[in-house]
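A quick write-up on the structure given underneath.
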Amino acid sequence: MQTERKIRIAVLVSGSGSNLQALLDAQGSTLVSGEIVLVVANKEQAYGLERARKHQIKAVCLPNKTAPTADEYDLALVQLLQAHQIDLVVLAGWLRILGPRFLQVFAERVINIHPSLLPAFGGKDFYGLKVHQAALDRGVQVSGATVHYVEEAVDAGPIIWQEALRVQPDDTPQSLQQRILSQIEWKILPQATEVVAQKIARDSG
Ligand code: GRF
C-alpha cells in the first residue's frame with residue numbers, strides 16, 4: 001500500500017509563536033495532510049524558535065541583517081526553504097513583508113493569519129495591538145481573524161477562512177487580542193492549513 005506524501009510545511013515567525021504552537025499541537029488531529037519540518041524566525045529572540053526545538057523541529061534564524069536589501073533577503077529565504085523542499089509556507093506572526101522575489105517562487109503556497117476581519121484593519125500599519133486598538137476606536141461590534149493567501153499587497157490576498165466574535169463593552173486592545181487568539185486564531189489556523197495542504201496534495205498528485 002502506498003502512503004500519501006505529507007505536504008512539507010515551513011512556519012515563519014517573529015515573536016511568541018503561539019499560533020505555531022497551535023499548529024504543532026494540531027499535528028495528527030486537525031493537521032494530517034502536512035507536517036511542519038522547518039521553523040524560520042527573522043529575530044534571534046523569537047520564542048517560536050524555542051517551541052520548534054522542543055518539538056525536535058529544525059529551527060533557523062535568518063536575521064533581518066542577513067541581507068542588505070529586501071530582495072536579497074527574500075532570495076536567501078527562498079534558498080533556505082527550497083533546501084528543505086518546502087511545499088507550503090505559513091506566516092504565523094511574521095513581521096516582515098515578502099516581496100516578488102519570494103512570492104513568485106511560492107505563488108499560492110504562502111498563507112498568513114491576521115487578527116481582524118479583513119479587509120477591515122489590514123495593511124502594513126496594522127500589526128499587534130494596533131489592529132485591536134483600531135477596531136475598538138472604530139466601535140466595531142464584531143471582530144475576529146482571517147487566514148488568507150499572501151500576495152504582494154499586504155493583507156489583501158484571497159480569504160481562506162474567517163471567524164468572528166462579539167466585542168464586549170469593556171474590551172481593551174489586550175483583552176480583545178487575547179480572546180481572538182485563544183478562541184479563533186489557534187483554531188482556524190490549523191484548520192485552514194489543512195485545507196490548503198489538501199489542495200496542494202490534490203494539485204500535485
Ligand atoms: C497573531 O495575532 C497573528 O494573527 C498576527 O500576529 C500575531 C502572532 O502571535 N499575524 P503569535 O506569535 O502566534 O503568538
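Starting from 1 in every chain, residues are counted up; chains themselves are A, B, ... following the order of the C-alpha cells, and ligands are numbered from 1 as listed.
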Could you produce a table of the residues of region 18-115 of chain A lying within 10 Å of region 160-180 of chain A, with the nearest pair of atoms per residue and their separation in Å rounded to one decimal, using only C-alpha atoms, ordered by chain and increasing residue number, as a Markdown table?
```
| residue | atom | partner | partner_atom | distance |
| --- | --- | --- | --- | --- |
| A:Ile111 | CA | A:Ile160 | CA | 8.7 |
| A:Asn112 | CA | A:Ile160 | CA | 9.7 |
| A:Ile113 | CA | A:Trp161 | CA | 9.3 |
| A:His114 | CA | A:Gln162 | CA | 9.7 |
| A:Pro115 | CA | A:Ile180 | CA | 6.9 |
```
Test item: residues at most 10 Å from region 89-105 of chain A, only C-alpha atoms, excluding those fewer than 6 positions along its chain, as a CSV table (one decimal) with all heavy atoms, in the first residue's frame:
```csv
chain,number,residue,atom,x,y,z
A,8,ARG,N,5.1,19.3,2.9
A,8,ARG,CA,6.2,19.8,3.8
A,8,ARG,C,5.9,21.3,4.1
A,8,ARG,O,5.9,22.2,3.2
A,8,ARG,CB,7.5,19.6,3.2
A,8,ARG,CG,7.8,18.1,3.1
A,8,ARG,CD,9.1,17.8,2.3
A,8,ARG,NE,10.3,18.4,2.9
A,8,ARG,CZ,11.0,17.8,3.9
A,8,ARG,NH1,10.5,16.6,4.4
A,8,ARG,NH2,12.1,18.4,4.4
A,9,ILE,N,5.7,21.6,5.4
A,9,ILE,CA,5.3,23.0,5.8
A,9,ILE,C,6.5,23.6,6.5
A,9,ILE,O,7.1,23.1,7.4
A,9,ILE,CB,4.1,22.9,6.7
A,9,ILE,CG1,2.9,22.2,6.0
A,9,ILE,CG2,3.8,24.3,7.3
A,9,ILE,CD1,1.7,22.0,7.0
A,10,ALA,N,6.7,24.9,6.2
A,10,ALA,CA,7.6,25.8,6.9
A,10,ALA,C,6.7,26.9,7.6
A,10,ALA,O,5.8,27.4,7.0
A,10,ALA,CB,8.6,26.5,6.0
A,11,VAL,N,7.0,27.1,8.9
A,11,VAL,CA,6.2,28.2,9.6
A,11,VAL,C,7.2,29.3,9.9
A,11,VAL,O,8.3,29.1,10.4
A,11,VAL,CB,5.6,27.7,10.9
A,11,VAL,CG1,4.8,28.8,11.6
A,11,VAL,CG2,4.7,26.4,10.6
A,12,LEU,N,6.8,30.5,9.5
A,12,LEU,CA,7.7,31.7,9.7
A,12,LEU,C,7.1,32.5,10.8
A,12,LEU,O,5.9,32.9,10.8
A,12,LEU,CB,7.7,32.5,8.4
A,12,LEU,CG,8.7,32.1,7.3
A,12,LEU,CD1,8.7,30.7,7.0
A,12,LEU,CD2,8.6,33.0,6.1
A,13,VAL,N,8.0,32.9,11.8
A,13,VAL,CA,7.6,33.6,13.0
A,13,VAL,C,8.5,34.8,13.3
A,13,VAL,O,9.7,34.7,12.9
A,13,VAL,CB,7.5,32.7,14.2
A,13,VAL,CG1,6.5,31.5,14.1
A,13,VAL,CG2,8.9,32.1,14.6
A,14,SER,N,8.0,35.7,14.0
A,14,SER,CA,8.8,36.8,14.5
A,14,SER,C,8.8,37.0,16.0
A,14,SER,O,9.5,37.7,16.6
A,14,SER,CB,8.4,38.2,13.9
A,14,SER,OG,8.6,38.1,12.5
A,15,GLY,N,7.8,36.3,16.6
A,15,GLY,CA,7.6,36.6,18.1
A,15,GLY,C,7.3,35.3,18.9
A,15,GLY,O,7.9,34.3,18.7
A,16,SER,N,6.3,35.5,19.7
A,16,SER,CA,5.9,34.4,20.7
A,16,SER,C,5.6,33.1,20.1
A,16,SER,O,6.0,32.0,20.6
A,16,SER,CB,4.8,34.9,21.5
A,16,SER,OG,3.8,33.9,21.6
A,17,GLY,N,5.0,33.1,18.9
A,17,GLY,CA,4.7,31.8,18.2
A,17,GLY,C,3.6,31.0,18.8
A,17,GLY,O,3.6,29.8,18.7
A,18,SER,N,2.6,31.6,19.4
A,18,SER,CA,1.5,30.9,20.0
A,18,SER,C,0.7,30.2,18.8
A,18,SER,O,0.2,29.1,19.0
A,18,SER,CB,0.6,31.7,20.9
A,18,SER,OG,-0.1,32.6,20.1
A,19,ASN,N,0.7,30.8,17.7
A,19,ASN,CA,0.0,30.2,16.5
A,19,ASN,C,0.8,29.0,16.0
A,19,ASN,O,0.3,28.0,15.6
A,19,ASN,CB,-0.3,31.2,15.4
A,19,ASN,CG,-1.5,32.0,15.7
A,19,ASN,OD1,-2.6,31.5,15.6
A,19,ASN,ND2,-1.4,33.3,16.0
A,20,LEU,N,2.1,29.1,16.1
A,20,LEU,CA,3.0,28.0,15.7
A,20,LEU,C,2.7,26.8,16.7
A,20,LEU,O,2.6,25.7,16.3
A,20,LEU,CB,4.5,28.4,15.8
A,20,LEU,CG,5.4,27.2,15.9
A,20,LEU,CD1,5.4,26.4,14.6
A,20,LEU,CD2,6.9,27.7,16.2
A,21,GLN,N,2.5,27.2,18.0
A,21,GLN,CA,2.2,26.1,19.0
A,21,GLN,C,0.9,25.4,18.6
A,21,GLN,O,0.8,24.2,18.7
A,21,GLN,CB,2.2,26.8,20.4
A,21,GLN,CG,2.1,25.7,21.5
A,21,GLN,CD,3.4,24.9,21.6
A,21,GLN,OE1,4.5,25.4,21.6
A,21,GLN,NE2,3.2,23.6,21.5
A,23,LEU,N,-0.4,25.0,15.7
A,23,LEU,CA,-0.1,24.2,14.6
A,23,LEU,C,0.6,22.9,15.0
A,23,LEU,O,0.3,21.8,14.6
A,23,LEU,CB,0.7,24.9,13.5
A,23,LEU,CG,0.0,26.0,12.7
A,23,LEU,CD1,1.0,26.8,12.0
A,23,LEU,CD2,-1.0,25.3,11.7
A,36,ILE,N,5.0,19.9,9.8
A,36,ILE,CA,5.9,21.1,9.9
A,36,ILE,C,7.3,20.5,10.0
A,36,ILE,O,7.6,19.7,10.9
A,36,ILE,CB,5.5,21.8,11.2
A,36,ILE,CG1,4.1,22.4,11.1
A,36,ILE,CG2,6.5,23.0,11.4
A,36,ILE,CD1,3.5,22.8,12.4
A,38,LEU,N,10.1,22.7,9.3
A,38,LEU,CA,11.0,23.8,9.4
A,38,LEU,C,10.3,25.1,10.0
A,38,LEU,O,9.2,25.4,9.7
A,38,LEU,CB,11.6,24.2,8.1
A,38,LEU,CG,12.6,25.4,8.0
A,38,LEU,CD1,13.9,25.0,8.7
A,38,LEU,CD2,12.9,25.7,6.6
A,39,VAL,N,11.0,25.7,11.0
A,39,VAL,CA,10.5,27.0,11.5
A,39,VAL,C,11.6,28.0,11.3
A,39,VAL,O,12.8,27.7,11.6
A,39,VAL,CB,10.2,26.8,13.0
A,39,VAL,CG1,9.9,28.2,13.6
A,39,VAL,CG2,8.9,25.9,13.2
A,40,VAL,N,11.2,29.2,10.7
A,40,VAL,CA,12.2,30.2,10.5
A,40,VAL,C,11.8,31.5,11.2
A,40,VAL,O,10.6,31.8,11.2
A,40,VAL,CB,12.3,30.5,9.0
A,40,VAL,CG1,13.4,31.6,8.7
A,40,VAL,CG2,12.6,29.3,8.2
A,41,ALA,N,12.7,32.1,11.9
A,41,ALA,CA,12.4,33.4,12.5
A,41,ALA,C,13.4,34.5,11.9
A,41,ALA,O,14.5,34.1,11.5
A,41,ALA,CB,12.6,33.3,14.0
A,42,ASN,N,12.9,35.7,11.9
A,42,ASN,CA,13.8,36.8,11.5
A,42,ASN,C,14.4,37.5,12.7
A,42,ASN,O,15.1,38.5,12.5
A,42,ASN,CB,13.1,37.7,10.5
A,42,ASN,CG,12.0,38.5,11.2
A,42,ASN,OD1,11.4,38.0,12.1
A,42,ASN,ND2,11.7,39.6,10.7
A,43,LYS,N,14.1,37.0,13.9
A,43,LYS,CA,14.6,37.6,15.1
A,43,LYS,C,15.1,36.5,16.0
A,43,LYS,O,14.4,35.6,16.3
A,43,LYS,CB,13.5,38.4,15.8
A,43,LYS,CG,13.1,39.6,15.0
A,43,LYS,CD,11.9,40.3,15.7
A,43,LYS,CE,11.5,41.5,14.8
A,43,LYS,NZ,10.5,42.3,15.2
A,48,GLY,N,9.3,31.5,19.2
A,48,GLY,CA,8.8,30.4,18.3
A,48,GLY,C,10.0,29.4,18.0
A,48,GLY,O,9.8,28.2,17.8
A,64,ASN,N,17.2,39.9,10.1
A,64,ASN,CA,17.0,40.9,9.0
A,64,ASN,C,18.3,41.4,8.4
A,64,ASN,O,18.3,41.7,7.2
A,64,ASN,CB,16.2,42.1,9.6
A,64,ASN,CG,14.7,41.7,9.9
A,64,ASN,OD1,14.2,40.8,9.2
A,64,ASN,ND2,14.2,42.3,10.9
A,70,ALA,N,15.9,44.1,0.7
A,70,ALA,CA,14.8,43.2,0.8
A,70,ALA,C,14.8,42.0,-0.2
A,70,ALA,O,14.5,40.9,0.1
A,70,ALA,CB,13.5,44.0,0.7
A,71,ASP,N,15.2,42.4,-1.4
A,71,ASP,CA,15.3,41.4,-2.5
A,71,ASP,C,16.3,40.3,-2.1
A,71,ASP,O,16.0,39.1,-2.3
A,71,ASP,CB,15.7,42.1,-3.7
A,71,ASP,CG,15.2,41.4,-5.0
A,71,ASP,OD1,14.0,41.1,-5.0
A,71,ASP,OD2,16.1,41.2,-5.9
A,72,GLU,N,17.4,40.7,-1.6
A,72,GLU,CA,18.5,39.7,-1.3
A,72,GLU,C,18.0,38.8,-0.1
A,72,GLU,O,18.3,37.6,0.0
A,72,GLU,CB,19.8,40.3,-1.0
A,72,GLU,CG,20.5,40.8,-2.3
A,72,GLU,CD,21.6,41.8,-2.0
A,72,GLU,OE1,21.3,43.0,-1.8
A,72,GLU,OE2,22.8,41.3,-1.9
A,73,TYR,N,17.3,39.5,0.9
A,73,TYR,CA,16.8,38.7,2.0
A,73,TYR,C,15.8,37.6,1.5
A,73,TYR,O,15.8,36.5,1.8
A,73,TYR,CB,16.1,39.6,3.0
A,73,TYR,CG,15.6,38.8,4.2
A,73,TYR,CD1,16.4,38.8,5.4
A,73,TYR,CD2,14.4,38.2,4.3
A,73,TYR,CE1,16.1,38.1,6.5
A,73,TYR,CE2,14.0,37.4,5.4
A,73,TYR,CZ,14.9,37.4,6.5
A,73,TYR,OH,14.5,36.7,7.6
A,74,ASP,N,14.9,38.1,0.6
A,74,ASP,CA,13.9,37.2,0.0
A,74,ASP,C,14.6,36.0,-0.7
A,74,ASP,O,14.1,34.8,-0.6
A,74,ASP,CB,13.0,37.9,-1.0
A,74,ASP,CG,11.9,38.7,-0.3
A,74,ASP,OD1,11.9,38.8,0.9
A,74,ASP,OD2,11.1,39.3,-1.0
A,75,LEU,N,15.6,36.3,-1.4
A,75,LEU,CA,16.4,35.2,-2.1
A,75,LEU,C,17.0,34.2,-1.1
A,75,LEU,O,16.9,33.0,-1.3
A,75,LEU,CB,17.5,35.9,-3.0
A,75,LEU,CG,18.2,34.9,-3.9
A,75,LEU,CD1,17.3,34.1,-4.8
A,75,LEU,CD2,19.3,35.7,-4.7
A,76,ALA,N,17.6,34.8,0.0
A,76,ALA,CA,18.2,33.9,1.0
A,76,ALA,C,17.1,33.0,1.6
A,76,ALA,O,17.3,31.8,1.8
A,76,ALA,CB,18.8,34.7,2.1
A,77,LEU,N,15.9,33.5,1.8
A,77,LEU,CA,14.8,32.8,2.4
A,77,LEU,C,14.3,31.7,1.4
A,77,LEU,O,14.1,30.6,1.8
A,77,LEU,CB,13.7,33.8,2.7
A,77,LEU,CG,12.5,33.3,3.6
A,77,LEU,CD1,13.0,32.6,4.9
A,77,LEU,CD2,11.5,34.4,3.9
A,78,VAL,N,14.2,32.1,0.1
A,78,VAL,CA,13.8,31.1,-0.9
A,78,VAL,C,14.8,29.9,-0.9
A,78,VAL,O,14.4,28.8,-0.9
A,78,VAL,CB,13.8,31.8,-2.3
A,78,VAL,CG1,13.7,30.7,-3.4
A,78,VAL,CG2,12.6,32.7,-2.4
A,79,GLN,N,16.1,30.3,-0.9
A,79,GLN,CA,17.1,29.2,-0.9
A,79,GLN,C,17.0,28.3,0.3
A,79,GLN,O,17.1,27.1,0.2
A,79,GLN,CB,18.5,29.8,-1.0
A,79,GLN,CG,18.7,30.4,-2.4
A,79,GLN,CD,19.9,31.2,-2.5
A,79,GLN,OE1,20.5,31.7,-1.5
A,79,GLN,NE2,20.3,31.5,-3.8
A,81,LEU,N,14.3,27.7,2.1
A,81,LEU,CA,13.1,26.9,2.0
A,81,LEU,C,13.2,25.8,1.0
A,81,LEU,O,12.8,24.6,1.2
A,81,LEU,CB,11.8,27.7,1.8
A,81,LEU,CG,11.5,28.8,2.8
A,81,LEU,CD1,10.2,29.4,2.6
A,81,LEU,CD2,11.6,28.3,4.2
A,82,GLN,N,13.8,26.2,-0.1
A,82,GLN,CA,14.0,25.2,-1.2
A,82,GLN,C,14.9,24.0,-0.8
A,82,GLN,O,14.7,22.9,-1.1
A,82,GLN,CB,14.5,25.8,-2.5
A,82,GLN,CG,13.4,26.6,-3.2
A,82,GLN,CD,13.8,27.3,-4.5
A,82,GLN,OE1,15.0,27.6,-4.6
A,82,GLN,NE2,12.9,27.5,-5.4
A,111,ILE,N,0.5,31.3,3.1
A,111,ILE,CA,-0.8,31.8,3.8
A,111,ILE,C,-0.4,32.6,5.1
A,111,ILE,O,0.7,32.4,5.6
A,111,ILE,CB,-1.7,30.7,4.1
A,111,ILE,CG1,-1.2,29.7,5.1
A,111,ILE,CG2,-2.1,29.9,2.8
A,111,ILE,CD1,-2.2,28.6,5.6
A,112,ASN,N,-1.3,33.4,5.5
A,112,ASN,CA,-1.0,34.3,6.7
A,112,ASN,C,-2.2,34.3,7.6
A,112,ASN,O,-3.4,34.2,7.1
A,112,ASN,CB,-0.7,35.7,6.2
A,112,ASN,CG,-0.4,36.7,7.3
A,112,ASN,OD1,0.3,36.4,8.3
A,112,ASN,ND2,-1.1,37.8,7.3
A,113,ILE,N,-2.0,34.5,8.9
A,113,ILE,CA,-3.2,34.8,9.8
A,113,ILE,C,-3.1,36.2,10.2
A,113,ILE,O,-2.0,36.7,10.6
A,113,ILE,CB,-3.3,33.8,10.9
A,113,ILE,CG1,-4.5,34.1,11.8
A,113,ILE,CG2,-2.0,33.8,11.8
A,113,ILE,CD1,-5.1,32.9,12.4
A,114,HIS,N,-4.2,36.9,10.2
A,114,HIS,CA,-4.3,38.3,10.6
A,114,HIS,C,-5.5,38.4,11.6
A,114,HIS,O,-6.5,37.9,11.4
A,114,HIS,CB,-4.6,39.2,9.4
A,114,HIS,CG,-4.6,40.6,9.7
A,114,HIS,ND1,-3.4,41.4,9.9
A,114,HIS,CD2,-5.6,41.5,9.9
A,114,HIS,CE1,-3.7,42.6,10.2
A,114,HIS,NE2,-5.1,42.7,10.2
A,115,PRO,N,-5.2,39.2,12.7
A,115,PRO,CA,-6.2,39.2,13.8
A,115,PRO,C,-7.4,40.3,13.6
A,115,PRO,O,-7.7,41.0,14.5
A,115,PRO,CB,-5.4,39.5,15.0
A,115,PRO,CG,-4.3,40.4,14.5
A,115,PRO,CD,-4.0,39.9,13.1
A,124,LYS,N,-0.1,47.5,5.9
A,124,LYS,CA,1.2,47.4,6.6
A,124,LYS,C,1.3,48.1,8.0
A,124,LYS,O,2.1,47.8,8.8
A,124,LYS,CB,2.3,47.9,5.7
A,124,LYS,CG,2.4,49.3,5.4
A,124,LYS,CD,3.6,49.6,4.6
A,124,LYS,CE,3.7,51.1,4.2
A,124,LYS,NZ,3.5,52.1,5.2
A,127,TYR,N,-0.6,45.9,12.8
A,127,TYR,CA,0.0,44.7,13.4
A,127,TYR,C,-0.1,44.8,14.9
A,127,TYR,O,-0.3,45.9,15.5
A,127,TYR,CB,1.5,44.5,12.9
A,127,TYR,CG,2.3,45.7,13.3
A,127,TYR,CD1,3.0,45.8,14.5
A,127,TYR,CD2,2.5,46.8,12.4
A,127,TYR,CE1,3.7,46.9,14.8
A,127,TYR,CE2,3.2,47.9,12.7
A,127,TYR,CZ,3.8,48.0,13.9
A,127,TYR,OH,4.6,49.1,14.3
A,128,GLY,N,0.0,43.6,15.6
A,128,GLY,CA,0.0,43.6,17.0
A,128,GLY,C,-1.3,44.3,17.6
A,128,GLY,O,-2.4,44.2,17.0
A,147,VAL,N,-7.6,34.0,7.8
A,147,VAL,CA,-6.4,33.3,7.2
A,147,VAL,C,-6.6,33.5,5.7
A,147,VAL,O,-7.7,33.3,5.1
A,147,VAL,CB,-6.4,31.8,7.5
A,147,VAL,CG1,-5.2,31.2,6.8
A,147,VAL,CG2,-6.3,31.5,9.0
A,149,TYR,N,-4.5,33.9,1.6
A,149,TYR,CA,-3.3,33.7,0.8
A,149,TYR,C,-2.5,35.0,0.8
A,149,TYR,O,-3.1,36.1,0.8
A,149,TYR,CB,-3.6,33.4,-0.7
A,149,TYR,CG,-4.0,31.9,-0.8
A,149,TYR,CD1,-5.4,31.6,-1.0
A,149,TYR,CD2,-3.1,30.9,-0.8
A,149,TYR,CE1,-5.8,30.2,-1.1
A,149,TYR,CE2,-3.5,29.6,-1.0
A,149,TYR,CZ,-4.8,29.2,-1.1
A,149,TYR,OH,-5.2,27.9,-1.2
A,150,VAL,N,-1.2,34.9,0.7
A,150,VAL,CA,-0.3,36.1,0.7
A,150,VAL,C,0.0,36.5,-0.7
A,150,VAL,O,0.5,35.7,-1.5
A,150,VAL,CB,1.0,35.8,1.5
A,150,VAL,CG1,1.9,37.0,1.4
A,150,VAL,CG2,0.6,35.6,3.0
A,151,GLU,N,-0.3,37.8,-1.0
A,151,GLU,CA,0.1,38.4,-2.3
A,151,GLU,C,0.9,39.6,-2.0
A,151,GLU,O,1.0,40.0,-0.8
A,151,GLU,CB,-1.2,38.7,-3.1
A,151,GLU,CG,-1.9,37.4,-3.5
A,151,GLU,CD,-3.1,37.6,-4.4
A,151,GLU,OE1,-3.5,38.8,-4.6
A,151,GLU,OE2,-3.6,36.6,-5.0
A,152,GLU,N,1.3,40.3,-3.0
A,152,GLU,CA,2.2,41.4,-2.8
A,152,GLU,C,1.5,42.5,-2.0
A,152,GLU,O,2.1,43.2,-1.1
A,152,GLU,CB,2.7,42.0,-4.1
A,152,GLU,CG,4.0,41.3,-4.5
A,152,GLU,CD,4.7,42.0,-5.7
A,152,GLU,OE1,5.0,43.2,-5.6
A,152,GLU,OE2,4.8,41.3,-6.7
A,153,ALA,N,0.3,42.8,-2.3
A,153,ALA,CA,-0.5,43.8,-1.5
A,153,ALA,C,-0.7,43.2,-0.1
A,153,ALA,O,-1.3,42.1,0.1
A,153,ALA,CB,-1.8,44.2,-2.2
A,154,VAL,N,-0.3,44.0,0.9
A,154,VAL,CA,-0.3,43.4,2.3
A,154,VAL,C,-1.7,43.2,2.8
A,154,VAL,O,-2.6,44.0,2.7
A,154,VAL,CB,0.4,44.4,3.3
A,154,VAL,CG1,0.4,43.9,4.7
A,154,VAL,CG2,1.9,44.6,2.8
A,185,GLU,N,-7.9,32.3,16.5
A,185,GLU,CA,-6.7,32.1,15.7
A,185,GLU,C,-6.1,30.6,15.9
A,185,GLU,O,-5.8,30.0,14.9
A,185,GLU,CB,-5.6,33.1,16.1
A,185,GLU,CG,-6.0,34.5,15.7
A,185,GLU,CD,-4.9,35.5,15.8
A,185,GLU,OE1,-3.8,35.1,15.4
A,185,GLU,OE2,-5.0,36.6,16.4
A,189,LEU,N,-6.3,28.6,12.3
A,189,LEU,CA,-5.0,28.4,11.5
A,189,LEU,C,-4.7,27.0,11.2
A,189,LEU,O,-4.4,26.6,10.0
A,189,LEU,CB,-3.8,29.1,12.2
A,189,LEU,CG,-2.5,29.1,11.4
A,189,LEU,CD1,-2.7,29.8,10.1
A,189,LEU,CD2,-1.4,29.7,12.2
A,193,THR,N,-4.8,25.6,7.4
A,193,THR,CA,-3.6,25.0,6.9
A,193,THR,C,-3.9,23.6,6.3
A,193,THR,O,-3.3,23.2,5.3
A,193,THR,CB,-2.5,24.9,8.0
A,193,THR,OG1,-2.3,26.2,8.5
A,193,THR,CG2,-1.2,24.3,7.5
```
- Pick out each residue of region 6-157 of chain A that DSSP on the backbone tags as strand (DSSP E); I need them as a ChimeraX atom specification. /A:7-13,34-41,58-61,88-91,110-114,142-149
Prev. selection, N, CA, C and O atoms, output as a compact mmCIF listing (two decimals), in the first residue's frame:
```txt
# COMPACT_ATOMS: atom_id res chain seq x y z
N ILE A 7 2.54 16.99 2.85
CA ILE A 7 2.99 18.29 2.38
C ILE A 7 3.98 18.86 3.40
O ILE A 7 3.73 18.83 4.61
N ARG A 8 5.09 19.34 2.90
CA ARG A 8 6.15 19.83 3.81
C ARG A 8 5.94 21.32 4.11
O ARG A 8 5.93 22.15 3.19
N ILE A 9 5.74 21.60 5.37
CA ILE A 9 5.34 22.95 5.79
C ILE A 9 6.49 23.65 6.52
O ILE A 9 7.13 23.07 7.40
N ALA A 10 6.70 24.93 6.16
CA ALA A 10 7.59 25.79 6.95
C ALA A 10 6.72 26.86 7.60
O ALA A 10 5.82 27.41 6.97
N VAL A 11 6.97 27.12 8.87
CA VAL A 11 6.25 28.18 9.58
C VAL A 11 7.23 29.31 9.86
O VAL A 11 8.33 29.07 10.37
N LEU A 12 6.84 30.53 9.50
CA LEU A 12 7.70 31.70 9.69
C LEU A 12 7.14 32.54 10.84
O LEU A 12 5.94 32.86 10.85
N VAL A 13 7.99 32.87 11.80
CA VAL A 13 7.55 33.60 12.99
C VAL A 13 8.50 34.76 13.29
O VAL A 13 9.67 34.73 12.89
N GLY A 34 -0.29 17.61 6.16
CA GLY A 34 1.02 18.24 6.10
C GLY A 34 1.77 18.06 7.39
O GLY A 34 1.17 17.76 8.43
N GLU A 35 3.09 18.22 7.32
CA GLU A 35 3.89 18.18 8.56
C GLU A 35 4.84 19.36 8.59
O GLU A 35 5.39 19.77 7.57
N ILE A 36 5.00 19.91 9.78
CA ILE A 36 5.89 21.05 9.95
C ILE A 36 7.32 20.51 10.02
O ILE A 36 7.64 19.73 10.92
N VAL A 37 8.13 20.91 9.06
CA VAL A 37 9.51 20.39 9.03
C VAL A 37 10.55 21.47 9.29
O VAL A 37 11.72 21.19 9.48
N LEU A 38 10.08 22.74 9.28
CA LEU A 38 11.04 23.84 9.45
C LEU A 38 10.34 25.06 10.04
O LEU A 38 9.21 25.37 9.66
N VAL A 39 11.02 25.70 10.98
CA VAL A 39 10.52 26.98 11.51
C VAL A 39 11.63 28.00 11.29
O VAL A 39 12.81 27.75 11.58
N VAL A 40 11.24 29.15 10.74
CA VAL A 40 12.21 30.22 10.49
C VAL A 40 11.77 31.47 11.23
O VAL A 40 10.58 31.81 11.22
N ALA A 41 12.72 32.13 11.87
CA ALA A 41 12.43 33.42 12.51
C ALA A 41 13.39 34.46 11.94
O ALA A 41 14.50 34.12 11.52
N LYS A 58 13.43 21.44 13.08
CA LYS A 58 14.56 22.32 12.76
C LYS A 58 14.15 23.79 12.85
O LYS A 58 13.12 24.18 12.28
N ALA A 59 14.91 24.58 13.57
CA ALA A 59 14.60 25.99 13.77
C ALA A 59 15.79 26.82 13.31
O ALA A 59 16.92 26.60 13.75
N VAL A 60 15.53 27.74 12.40
CA VAL A 60 16.61 28.54 11.82
C VAL A 60 16.30 30.02 11.99
O VAL A 60 15.17 30.45 11.72
N CYS A 61 17.28 30.78 12.43
CA CYS A 61 17.10 32.23 12.47
C CYS A 61 17.80 32.85 11.27
O CYS A 61 18.98 32.58 11.03
N LEU A 88 4.63 24.36 1.41
CA LEU A 88 3.66 25.34 1.92
C LEU A 88 4.31 26.18 3.02
O LEU A 88 4.96 25.63 3.92
N VAL A 89 4.12 27.48 2.93
CA VAL A 89 4.71 28.41 3.91
C VAL A 89 3.58 29.05 4.71
O VAL A 89 2.66 29.64 4.13
N VAL A 90 3.65 28.93 6.02
CA VAL A 90 2.61 29.53 6.89
C VAL A 90 3.25 30.69 7.66
O VAL A 90 4.22 30.48 8.41
N LEU A 91 2.72 31.89 7.46
CA LEU A 91 3.20 33.04 8.22
C LEU A 91 2.37 33.13 9.49
O LEU A 91 1.15 33.29 9.44
N VAL A 110 1.72 30.42 0.04
CA VAL A 110 2.01 31.17 1.26
C VAL A 110 0.68 31.64 1.86
O VAL A 110 -0.12 32.27 1.16
N ILE A 111 0.46 31.31 3.15
CA ILE A 111 -0.75 31.80 3.81
C ILE A 111 -0.36 32.56 5.08
O ILE A 111 0.73 32.36 5.63
N ASN A 112 -1.28 33.42 5.53
CA ASN A 112 -1.00 34.27 6.69
C ASN A 112 -2.23 34.33 7.57
O ASN A 112 -3.35 34.20 7.08
N ILE A 113 -2.01 34.52 8.87
CA ILE A 113 -3.15 34.79 9.76
C ILE A 113 -3.08 36.23 10.24
O ILE A 113 -2.00 36.71 10.61
N HIS A 114 -4.24 36.89 10.19
CA HIS A 114 -4.32 38.29 10.59
C HIS A 114 -5.46 38.44 11.60
O HIS A 114 -6.55 37.89 11.39
N VAL A 142 -18.30 43.43 16.15
CA VAL A 142 -17.70 42.10 15.97
C VAL A 142 -16.29 42.28 15.43
O VAL A 142 -16.02 43.22 14.69
N SER A 143 -15.41 41.39 15.83
CA SER A 143 -14.08 41.34 15.23
C SER A 143 -13.73 39.86 15.09
O SER A 143 -14.57 39.00 15.34
N GLY A 144 -12.50 39.55 14.71
CA GLY A 144 -12.19 38.14 14.52
C GLY A 144 -10.82 37.97 13.91
O GLY A 144 -9.91 38.76 14.15
N ALA A 145 -10.68 36.93 13.13
CA ALA A 145 -9.39 36.67 12.49
C ALA A 145 -9.63 36.10 11.09
O ALA A 145 -10.70 35.55 10.80
N THR A 146 -8.59 36.24 10.26
CA THR A 146 -8.68 35.83 8.86
C THR A 146 -7.42 35.08 8.47
O THR A 146 -6.31 35.54 8.76
N VAL A 147 -7.59 33.95 7.82
CA VAL A 147 -6.45 33.29 7.17
C VAL A 147 -6.61 33.53 5.68
O VAL A 147 -7.70 33.31 5.13
N HIS A 148 -5.55 34.01 5.05
CA HIS A 148 -5.64 34.37 3.63
C HIS A 148 -4.35 34.02 2.90
O HIS A 148 -3.28 33.87 3.53
N TYR A 149 -4.46 33.89 1.58
CA TYR A 149 -3.25 33.72 0.77
C TYR A 149 -2.47 35.04 0.77
O TYR A 149 -3.06 36.12 0.82
```
- Given only C-alpha atoms and all ligand atoms as the counted atoms, nearest of A:Ala46, A:Val196, A:Ala156, A:Ala52 to ligand 1: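 Of A:Ala46, A:Val196, A:Ala156, A:Ala52, the one nearest ligand 1 is A:Ala46, counting only C-alpha atoms and all ligand atoms.
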- Task: Work out how far apart CA of His84 (chain A) and CA of Glu4 (chain A) are and give it in Å to one decimal.
- Result: 18.5 Å
- Ile200 (chain A) environment, 10 Å, only C-alpha atoms, sequence neighbours closer than 5 positions dropped, as a PyMOL selection string: chain A and resi 7+33-34+87-88+108-109+194-195+205
Selection file, C-alpha atoms, as a compact mmCIF listing (two decimals), in the first residue's frame:
```
# COMPACT_ATOMS: atom_id res chain seq x y z
CA ILE A 7 2.99 18.29 2.38
CA SER A 33 -2.10 16.27 5.28
CA GLY A 34 1.02 18.24 6.10
CA ASP A 87 5.62 22.95 -0.29
CA LEU A 88 3.66 25.34 1.92
CA GLU A 108 -0.31 30.30 -3.95
CA ARG A 109 1.85 28.48 -1.43
CA GLU A 194 -5.11 21.52 6.49
CA VAL A 195 -7.44 22.78 3.74
CA GLY A 205 -0.92 14.38 -7.25
```
